[in-house]
Each structure stands twice: as structure tokens, then as C-alpha cells.
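Chemist: Next comes the structure file model_32.csv, holding CSV, C-alpha atoms and all ligand atoms.
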```csv
chain,number,residue,atom,x,y,z
A,415,MET,CA,2.4,-37.8,11.1
A,416,GLY,CA,5.9,-37.0,12.4
A,417,THR,CA,5.4,-33.4,13.4
A,418,SER,CA,1.8,-33.0,13.9
A,419,ASN,CA,1.5,-34.1,17.6
A,420,HIS,CA,4.5,-32.1,18.7
A,421,THR,CA,4.5,-29.1,16.5
A,422,ARG,CA,2.5,-25.9,16.4
A,423,LEU,CA,1.8,-25.2,12.7
A,424,ILE,CA,0.8,-21.6,11.8
A,425,VAL,CA,-0.2,-20.5,8.3
A,426,THR,CA,-0.2,-16.7,8.1
A,427,LYS,CA,0.1,-13.8,5.7
A,428,GLY,CA,3.2,-11.7,6.1
A,429,ASP,CA,6.8,-10.7,5.2
A,430,ILE,CA,9.3,-13.4,6.2
A,431,THR,CA,11.9,-10.8,7.0
A,432,GLU,CA,9.8,-9.5,9.9
A,433,GLN,CA,9.2,-12.9,11.6
A,434,GLU,CA,10.4,-13.2,15.1
A,435,VAL,CA,11.4,-16.8,15.0
A,436,ASP,CA,14.7,-18.6,15.6
A,437,ALA,CA,15.2,-19.4,11.9
A,438,ILE,CA,13.8,-18.1,8.6
A,439,VAL,CA,14.1,-20.1,5.4
A,440,ASN,CA,15.4,-18.4,2.3
A,441,ALA,CA,14.2,-19.5,-1.2
A,442,ALA,CA,17.7,-19.0,-2.5
A,443,ASN,CA,19.5,-20.1,-5.7
A,444,SER,CA,22.5,-22.4,-6.0
A,445,SER,CA,24.9,-19.5,-6.0
A,446,LEU,CA,23.9,-18.3,-2.5
A,447,LEU,CA,24.9,-14.8,-3.6
A,448,GLY,CA,21.5,-13.3,-3.7
A,449,GLY,CA,18.7,-12.6,-6.1
A,450,GLY,CA,15.1,-11.2,-6.2
A,451,GLY,CA,12.0,-12.1,-4.3
A,452,VAL,CA,12.4,-13.5,-0.8
A,453,ASP,CA,16.2,-13.9,-1.4
A,454,GLY,CA,16.6,-10.2,-2.2
A,455,ALA,CA,14.5,-9.1,0.8
A,456,ILE,CA,16.5,-11.3,3.2
A,457,HIS,CA,19.8,-10.0,1.9
A,458,ARG,CA,18.7,-6.4,2.0
A,459,LYS,CA,17.4,-6.6,5.5
A,460,GLY,CA,20.0,-9.0,6.9
A,461,GLY,CA,22.8,-6.9,5.6
A,462,LYS,CA,26.4,-7.7,4.6
A,463,ALA,CA,26.9,-10.3,7.4
A,464,VAL,CA,24.6,-12.7,5.6
A,465,LEU,CA,26.3,-12.3,2.2
A,466,GLU,CA,29.8,-12.5,3.7
A,467,GLU,CA,28.9,-15.9,5.3
A,468,CYS,CA,27.4,-17.1,2.0
A,469,ARG,CA,30.6,-16.1,0.3
A,470,ARG,CA,32.7,-18.0,2.8
A,471,LEU,CA,30.5,-21.1,2.2
A,472,ARG,CA,31.1,-20.8,-1.5
A,473,ALA,CA,34.8,-20.4,-0.9
A,474,GLY,CA,34.8,-23.5,1.2
A,475,HIS,CA,32.8,-26.8,1.0
A,476,LEU,CA,30.1,-25.3,-1.3
A,477,GLY,CA,32.4,-24.3,-4.0
A,478,GLY,CA,30.1,-25.8,-6.6
A,479,GLY,CA,27.1,-24.0,-5.1
A,480,LEU,CA,24.2,-25.4,-3.0
A,481,PRO,CA,22.4,-28.2,-4.8
A,482,VAL,CA,18.6,-28.1,-5.3
A,483,GLY,CA,16.8,-29.6,-2.3
A,484,HIS,CA,19.7,-29.0,0.1
A,485,ALA,CA,19.9,-26.5,3.0
A,486,VAL,CA,22.6,-24.6,4.7
A,487,ALA,CA,22.5,-22.1,7.6
A,488,THR,CA,24.1,-18.7,8.1
A,489,THR,CA,23.7,-15.8,10.6
A,490,ALA,CA,20.6,-13.7,10.1
A,491,GLY,CA,22.6,-10.5,10.4
A,492,ALA,CA,20.3,-7.6,11.2
A,493,LEU,CA,17.1,-9.6,10.9
A,494,PRO,CA,15.1,-10.5,14.0
A,495,ALA,CA,15.8,-14.2,13.5
A,496,ARG,CA,19.0,-15.9,14.7
A,497,TRP,CA,19.6,-17.9,11.5
A,498,VAL,CA,18.8,-17.9,7.9
A,499,ILE,CA,18.4,-21.4,6.4
A,500,HIS,CA,19.1,-21.1,2.7
A,501,THR,CA,17.6,-23.8,0.5
A,502,VAL,CA,17.3,-24.1,-3.2
A,503,GLY,CA,13.9,-25.0,-4.7
A,504,PRO,CA,13.6,-26.6,-8.1
A,505,VAL,CA,12.4,-24.6,-11.1
A,506,TYR,CA,8.9,-25.9,-12.0
A,507,SER,CA,8.8,-28.3,-14.9
A,508,THR,CA,5.8,-29.5,-16.9
A,509,THR,CA,7.8,-32.4,-18.3
A,510,GLU,CA,9.6,-33.7,-15.2
A,511,ASP,CA,8.3,-34.4,-11.7
A,512,ARG,CA,10.6,-32.4,-9.4
A,513,GLY,CA,8.2,-32.7,-6.4
A,514,ALA,CA,10.7,-34.8,-4.3
A,515,ARG,CA,13.2,-32.0,-4.6
A,516,LEU,CA,10.7,-29.4,-3.4
A,517,ALA,CA,9.8,-31.7,-0.5
A,518,SER,CA,13.4,-32.1,0.3
A,519,CYS,CA,13.8,-28.3,0.8
A,520,TYR,CA,11.3,-28.5,3.6
A,521,THR,CA,12.6,-31.7,5.3
A,522,GLU,CA,16.3,-30.7,5.0
A,523,SER,CA,15.5,-27.2,6.3
A,524,LEU,CA,13.6,-28.7,9.3
A,525,ARG,CA,16.4,-31.2,10.0
A,526,LEU,CA,18.9,-28.3,10.0
A,527,ALA,CA,16.7,-26.1,12.2
A,528,TYR,CA,16.5,-29.0,14.7
A,529,ASP,CA,20.2,-29.5,14.6
A,530,LEU,CA,20.8,-25.8,15.3
A,531,GLY,CA,18.5,-26.0,18.3
A,532,ALA,CA,15.8,-23.7,16.7
A,533,SER,CA,12.5,-23.9,18.4
A,534,SER,CA,10.7,-21.9,15.7
A,535,VAL,CA,11.2,-21.8,12.0
A,536,ALA,CA,9.4,-19.8,9.3
A,537,PHE,CA,9.1,-20.9,5.6
A,538,PRO,CA,8.1,-18.9,2.5
A,539,ALA,CA,6.3,-20.7,-0.3
A,540,ILE,CA,9.5,-22.0,-1.9
A,541,SER,CA,9.6,-22.1,-5.7
A,542,THR,CA,6.3,-20.4,-6.2
A,543,GLY,CA,7.7,-17.0,-7.4
A,544,VAL,CA,10.5,-16.8,-10.0
A,545,TYR,CA,10.6,-20.6,-10.2
A,546,ARG,CA,6.9,-20.7,-11.2
A,547,TRP,CA,5.6,-23.7,-9.2
A,548,PRO,CA,1.7,-23.7,-9.1
A,549,LEU,CA,0.6,-22.6,-5.6
A,550,ASP,CA,-1.9,-25.4,-4.9
A,551,ASP,CA,0.6,-28.1,-5.8
A,552,ALA,CA,3.5,-26.4,-3.9
A,553,ALA,CA,1.2,-26.1,-0.8
A,554,ARG,CA,0.3,-29.9,-1.0
A,555,ILE,CA,4.0,-30.8,-1.3
A,556,ALA,CA,4.9,-28.5,1.6
A,557,ALA,CA,2.2,-30.0,3.8
A,558,GLU,CA,3.1,-33.6,3.0
A,559,ALA,CA,6.8,-32.9,3.6
A,560,ILE,CA,6.2,-31.1,6.9
A,561,HIS,CA,3.8,-33.8,8.2
A,562,THR,CA,6.2,-36.7,7.4
A,563,ALA,CA,9.3,-35.0,8.6
A,564,GLU,CA,10.7,-36.2,11.9
A,565,ALA,CA,11.3,-32.6,12.6
A,566,ARG,CA,10.8,-32.1,16.3
A,567,VAL,CA,10.8,-28.3,15.9
A,568,PRO,CA,8.2,-26.9,18.3
A,569,GLU,CA,6.8,-24.2,16.0
A,570,ILE,CA,6.6,-24.1,12.2
A,571,ARG,CA,5.2,-21.0,10.4
A,572,LEU,CA,4.3,-20.9,6.7
A,573,VAL,CA,4.5,-17.2,5.8
A,574,LEU,CA,2.6,-16.3,2.6
A,575,PHE,CA,3.1,-13.0,0.9
A,576,ASP,CA,-0.3,-12.3,-0.6
A,577,ASP,CA,-3.9,-13.4,-0.3
A,578,THR,CA,-3.8,-15.9,-3.2
A,579,ALA,CA,-0.9,-17.8,-1.7
A,580,LEU,CA,-2.4,-17.6,1.8
A,581,ALA,CA,-5.7,-19.1,0.5
A,582,ALA,CA,-3.8,-21.9,-1.4
A,583,PHE,CA,-1.9,-22.9,1.7
A,584,GLN,CA,-4.9,-22.6,4.0
A,585,ARG,CA,-6.9,-25.0,1.8
A,586,VAL,CA,-4.2,-27.6,2.4
A,587,PHE,CA,-3.0,-26.9,5.9
A,588,ASP,CA,-6.3,-25.8,7.6
A,589,PRO,CA,-9.1,-27.5,5.6
A,590,SER,CA,-12.5,-26.7,7.2
B,601,LIG,N1,8.2,-12.7,2.5
B,601,LIG,C1,7.4,-13.8,2.3
B,601,LIG,N2,7.2,-14.3,1.0
B,601,LIG,C2,7.7,-13.5,0.0
B,601,LIG,C3,8.5,-12.4,0.2
B,601,LIG,C4,8.7,-12.0,1.5
B,601,LIG,N3,9.4,-10.9,1.8
B,601,LIG,N4,8.8,-11.9,-1.0
B,601,LIG,C5,8.3,-12.7,-2.0
B,601,LIG,N5,7.6,-13.7,-1.4
B,601,LIG,P1,10.6,-16.2,-4.9
B,601,LIG,P2,11.4,-18.9,-5.8
B,601,LIG,C6,6.9,-14.9,-1.9
B,601,LIG,O1,10.6,-15.7,-6.3
B,601,LIG,O2,10.2,-19.0,-6.7
B,601,LIG,C7,15.3,-15.5,-6.4
B,601,LIG,O3,15.7,-14.6,-7.3
B,601,LIG,C8,6.6,-14.8,-3.4
B,601,LIG,O4,5.3,-14.1,-3.6
B,601,LIG,O5,11.2,-15.4,-3.9
B,601,LIG,O6,11.9,-20.1,-5.0
B,601,LIG,C9,16.3,-16.5,-5.9
B,601,LIG,O7,17.6,-15.9,-5.9
B,601,LIG,C10,6.5,-16.3,-3.7
B,601,LIG,O8,5.2,-16.8,-3.4
B,601,LIG,O9,11.4,-17.7,-4.8
B,601,LIG,C11,16.2,-17.5,-6.9
B,601,LIG,O10,16.9,-17.2,-8.1
B,601,LIG,C12,7.5,-17.0,-2.8
B,601,LIG,O11,7.8,-16.0,-1.9
B,601,LIG,C13,14.7,-17.6,-7.3
B,601,LIG,O12,14.2,-16.2,-7.0
B,601,LIG,C14,8.7,-17.5,-3.5
B,601,LIG,O13,9.1,-16.6,-4.6
B,601,LIG,C15,13.9,-18.5,-6.4
B,601,LIG,O14,12.6,-18.5,-6.8
```
Let me see the file written as C-alpha cells.

Modeler:
Amino acid sequence: MGTSNHTRLIVTKGDITEQEVDAIVNAANSSLLGGGGVDGAIHRKGGKAVLEECRRLRAGHLGGGLPVGHAVATTAGALPARWVIHTVGPVYSTTEDRGARLASCYTESLRLAYDLGASSVAFPAISTGVYRWPLDDAARIAAEAIHTAEARVPEIRLVLFDDTALAAFQRVFDPS
């Protein structure tokens, strides 16, 4: 259990754009140029500094877009956080197991957060909106990934947007 002895793990209901943490994770798409859901909210509240940095990344080493399961950091612009860590979840498939790619979103984001020196990081329920991943399964994959990551980030928050998502994540993270 890589993180569990060293990391404070918080499962909470809320809006990720309001989290006062060092880094918030964005459930982005490969273009990095914005979208709906969490991505839309982060770009709206973060302002043009976030989009400008995403555009610079696309003009540079991410010319082909950010691959699924990878993570990259930008400024958080006007958001309370210092950084936005953009990661791209897989679209859910009933015919192909893409769980390792969803797990990679969590482990790569945590690795990047640690490299940045973040002492707190907040995740949304990646892939459970537009990308249709079933909540219970997404919560299980998130928990396994976070527990096996050699993350060394002191505080990890899972920020769920509604009661159904909160309940699914609590069943996995805080079973009682
Ligand atoms: N704070 C926390 N969670 C939120 C918020 C918020 N402000 N808004 C929505 N959620 P989604 P995905 C929850 O669709 O499935 C975008 O268009 C939401 O209820 O944001 O990974 C991107 O550009 C759900 O549980 O991300 C991509 O194209 C979860 O966040 C695509 O959607 C994720 O929903 C990514 O789809």
C-alpha cells in the first residue's frame, strides 16, 4: 500500500474548481483545448492563462495531443490551486478492458504532482461523465491506483460532484 501510510485521503462532495489545494486534476481530452464537464469548468474559472499554456504545449512537444493515460501540468490561472494537471481518461468500452489506462491517469497525475512539489492534489471522477465509465468500477480502479502508487503526496482528495458519485467512491474508499 504505497500511499496509505503517508497520505491523507479525503473523499468529499464538491466542485473541483473551488478546491484549495496545490494541484487539481482535469479530466481533459487529448486536444487539451477544452470541452464540457470538469474541463469546461476549469477553463472557465482558470481563464485564458490555462488555455494559452495548453496551446503552447500543443505547439511544442504535444503536437499530436496528450495520449490517454498521460498527464501534463499547466498554471491554474485564476483558480485557487497553483497547477492544473491535465490527464486524458479513456472512453468506457464494453468490449475492451481499458482499466489500466484509467489507472494510469491517477498514477501519472500523482507522479507529476510529486515532481512539481505539490503537497495536496484533488481528483475528479475521471471518465465517469461524458466518457461513460460506470461509477462503481471507476471508483475501484481509482482506489487501487492510488493505493499502489508510490506517490508520496501528503494529501489526496477525491472530489465528487453529486451524491451518487460520492456514495460510489465512499463505498470503495471508506468502507464501514
Ligand atoms: N467538479 C467536480 N466534478 C465535476 C465537475 C466539477 N466542477 N463537473 C463535472 N464533474 P466529465 P470525462 C464530474 O464529463 O467523463 C469533457 O468534455 C462529473 O459529474 O467532466 O472524463 C472533456 O473535454 C463526472 O462524474 O469527464 C472530454 O472531452 C466527472 O466529473 C470529456 O469531457 C467526469 O465527467 C471527458 O469526459

Chemist: I'd like the contact shell of Ala581 in chain A - 10 Å cut-off, all atoms listed in the file, skipping same-chain residues fewer than 6 positions apart - returned as a PyMOL selection string.

Modeler: chain A and resi 425-427+549-550+553+574+587-588

Chemist: Go ahead and dump the residues you just picked, C-alpha atoms, as an mmCIF file, in the coordinates of the input.

Modeler:
```cif
data_model
loop_
_atom_site.group_PDB
_atom_site.id
_atom_site.type_symbol
_atom_site.label_atom_id
_atom_site.label_comp_id
_atom_site.auth_asym_id
_atom_site.auth_seq_id
_atom_site.Cartn_x
_atom_site.Cartn_y
_atom_site.Cartn_z
ATOM 1 C CA VAL A 425 -0.200 -20.500 8.300
ATOM 2 C CA THR A 426 -0.200 -16.700 8.100
ATOM 3 C CA LYS A 427 0.100 -13.800 5.700
ATOM 4 C CA LEU A 549 0.600 -22.600 -5.600
ATOM 5 C CA ASP A 550 -1.900 -25.400 -4.900
ATOM 6 C CA ALA A 553 1.200 -26.100 -0.800
ATOM 7 C CA LEU A 574 2.600 -16.300 2.600
ATOM 8 C CA PHE A 587 -3.000 -26.900 5.900
ATOM 9 C CA ASP A 588 -6.300 -25.800 7.600
#
```

Chemist: Please give the centre and size of the box around ligand LIG 601 (chain B) (axis-aligned, containing every atom listed in the file, 4 Å added per side), with values in Å to one decimal and written as lines of an AutoDock Vina configuration file.

Modeler:
```
center_x = 11.4
center_y = -15.5
center_z = -2.8
size_x = 20.4
size_y = 17.2
size_z = 18.6
```

Chemist: Could you list, as a PyMOL selection string, all the residues within 9 Å of ligand LIG 601 (chain B), counting all atoms listed in the file?

Modeler: chain A and resi 427-432+440-456+501-506+537-547+549+572-576+579

Chemist: What does the file look like for those residues with C-alpha atoms, as a PDB file, keeping the file's coordinate frame?

Modeler:
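Printed below is part_13.pdb as written:
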```pdb
ATOM      1  CA  LYS A 427       0.100 -13.800   5.700  1.00  0.00           C
ATOM      2  CA  GLY A 428       3.200 -11.700   6.100  1.00  0.00           C
ATOM      3  CA  ASP A 429       6.800 -10.700   5.200  1.00  0.00           C
ATOM      4  CA  ILE A 430       9.300 -13.400   6.200  1.00  0.00           C
ATOM      5  CA  THR A 431      11.900 -10.800   7.000  1.00  0.00           C
ATOM      6  CA  GLU A 432       9.800  -9.500   9.900  1.00  0.00           C
ATOM      7  CA  ASN A 440      15.400 -18.400   2.300  1.00  0.00           C
ATOM      8  CA  ALA A 441      14.200 -19.500  -1.200  1.00  0.00           C
ATOM      9  CA  ALA A 442      17.700 -19.000  -2.500  1.00  0.00           C
ATOM     10  CA  ASN A 443      19.500 -20.100  -5.700  1.00  0.00           C
ATOM     11  CA  SER A 444      22.500 -22.400  -6.000  1.00  0.00           C
ATOM     12  CA  SER A 445      24.900 -19.500  -6.000  1.00  0.00           C
ATOM     13  CA  LEU A 446      23.900 -18.300  -2.500  1.00  0.00           C
ATOM     14  CA  LEU A 447      24.900 -14.800  -3.600  1.00  0.00           C
ATOM     15  CA  GLY A 448      21.500 -13.300  -3.700  1.00  0.00           C
ATOM     16  CA  GLY A 449      18.700 -12.600  -6.100  1.00  0.00           C
ATOM     17  CA  GLY A 450      15.100 -11.200  -6.200  1.00  0.00           C
ATOM     18  CA  GLY A 451      12.000 -12.100  -4.300  1.00  0.00           C
ATOM     19  CA  VAL A 452      12.400 -13.500  -0.800  1.00  0.00           C
ATOM     20  CA  ASP A 453      16.200 -13.900  -1.400  1.00  0.00           C
ATOM     21  CA  GLY A 454      16.600 -10.200  -2.200  1.00  0.00           C
ATOM     22  CA  ALA A 455      14.500  -9.100   0.800  1.00  0.00           C
ATOM     23  CA  ILE A 456      16.500 -11.300   3.200  1.00  0.00           C
ATOM     24  CA  THR A 501      17.600 -23.800   0.500  1.00  0.00           C
ATOM     25  CA  VAL A 502      17.300 -24.100  -3.200  1.00  0.00           C
ATOM     26  CA  GLY A 503      13.900 -25.000  -4.700  1.00  0.00           C
ATOM     27  CA  PRO A 504      13.600 -26.600  -8.100  1.00  0.00           C
ATOM     28  CA  VAL A 505      12.400 -24.600 -11.100  1.00  0.00           C
ATOM     29  CA  TYR A 506       8.900 -25.900 -12.000  1.00  0.00           C
ATOM     30  CA  PHE A 537       9.100 -20.900   5.600  1.00  0.00           C
ATOM     31  CA  PRO A 538       8.100 -18.900   2.500  1.00  0.00           C
ATOM     32  CA  ALA A 539       6.300 -20.700  -0.300  1.00  0.00           C
ATOM     33  CA  ILE A 540       9.500 -22.000  -1.900  1.00  0.00           C
ATOM     34  CA  SER A 541       9.600 -22.100  -5.700  1.00  0.00           C
ATOM     35  CA  THR A 542       6.300 -20.400  -6.200  1.00  0.00           C
ATOM     36  CA  GLY A 543       7.700 -17.000  -7.400  1.00  0.00           C
ATOM     37  CA  VAL A 544      10.500 -16.800 -10.000  1.00  0.00           C
ATOM     38  CA  TYR A 545      10.600 -20.600 -10.200  1.00  0.00           C
ATOM     39  CA  ARG A 546       6.900 -20.700 -11.200  1.00  0.00           C
ATOM     40  CA  TRP A 547       5.600 -23.700  -9.200  1.00  0.00           C
ATOM     41  CA  LEU A 549       0.600 -22.600  -5.600  1.00  0.00           C
ATOM     42  CA  LEU A 572       4.300 -20.900   6.700  1.00  0.00           C
ATOM     43  CA  VAL A 573       4.500 -17.200   5.800  1.00  0.00           C
ATOM     44  CA  LEU A 574       2.600 -16.300   2.600  1.00  0.00           C
ATOM     45  CA  PHE A 575       3.100 -13.000   0.900  1.00  0.00           C
ATOM     46  CA  ASP A 576      -0.300 -12.300  -0.600  1.00  0.00           C
ATOM     47  CA  ALA A 579      -0.900 -17.800  -1.700  1.00  0.00           C
TER      48      ALA A 579
END
```

Chemist: Would you compute the distance between CA of His500 in chain A and CA of Arg566 in chain A? Give it in Å to one decimal.

Modeler: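 Taking CA of His500 in chain A as the start and CA of Arg566 in chain A as the end point, the length is 19.4 Å.
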
Chemist: Enter the distance from CA of Arg571 in chain A to CA of Ala490 in chain A, in Å, rounded to one decimal.

Modeler: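 Interatomic distance, CA of Arg571 in chain A to CA of Ala490 in chain A: 17.0 Å.
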
Chemist: Report the distance between CA of Gln584 in chain A and CA of Thr562 in chain A in Å, rounded to one decimal place.

Modeler: 18.3 Å

Chemist: Name the residues in contact with Tyr520 in chain A at a cut-off of 7 Å, using all atoms listed in the file, excluding same-chain residues fewer than 6 positions from it; report them as a list in words.

Modeler: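 Once the nearby chain positions are removed, what remains is Ala556, Ala559 and Ile560 of chain A.
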
Chemist: Please provide the set of residues having any atom within 6 Å of range 525-534 of chain A, restricted to only C-alpha atoms, with same-chain residues fewer than 5 positions apart removed, written as a PyMOL selection string.

Modeler: chain A and resi 435-436+565+567-570

Chemist: Put those residues in a file: C-alpha atoms, as a compact mmCIF listing (two decimals), in the frame of the given file.

Modeler:
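File produced: selection.txt:
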```txt
# COMPACT_ATOMS: atom_id res chain seq x y z
CA VAL A 435 11.40 -16.80 15.00
CA ASP A 436 14.70 -18.60 15.60
CA ALA A 565 11.30 -32.60 12.60
CA VAL A 567 10.80 -28.30 15.90
CA PRO A 568 8.20 -26.90 18.30
CA GLU A 569 6.80 -24.20 16.00
CA ILE A 570 6.60 -24.10 12.20
```

Chemist: Between A:Ala552, A:Val535, A:Thr521, A:Val586, which residue has the minimum interatomic distance to Arg496 in chain A, considering only C-alpha atoms?

Modeler: A:Val535

Chemist: Of the candidates A:Leu493, A:Arg458, A:Glu434, A:Thr488, which shows the shortest atom-to-atom distance to Arg470 in chain A, using only C-alpha atoms?

Modeler: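 Looking only at the distances to Arg470 in chain A, the closest residue turns out to be A:Thr488.
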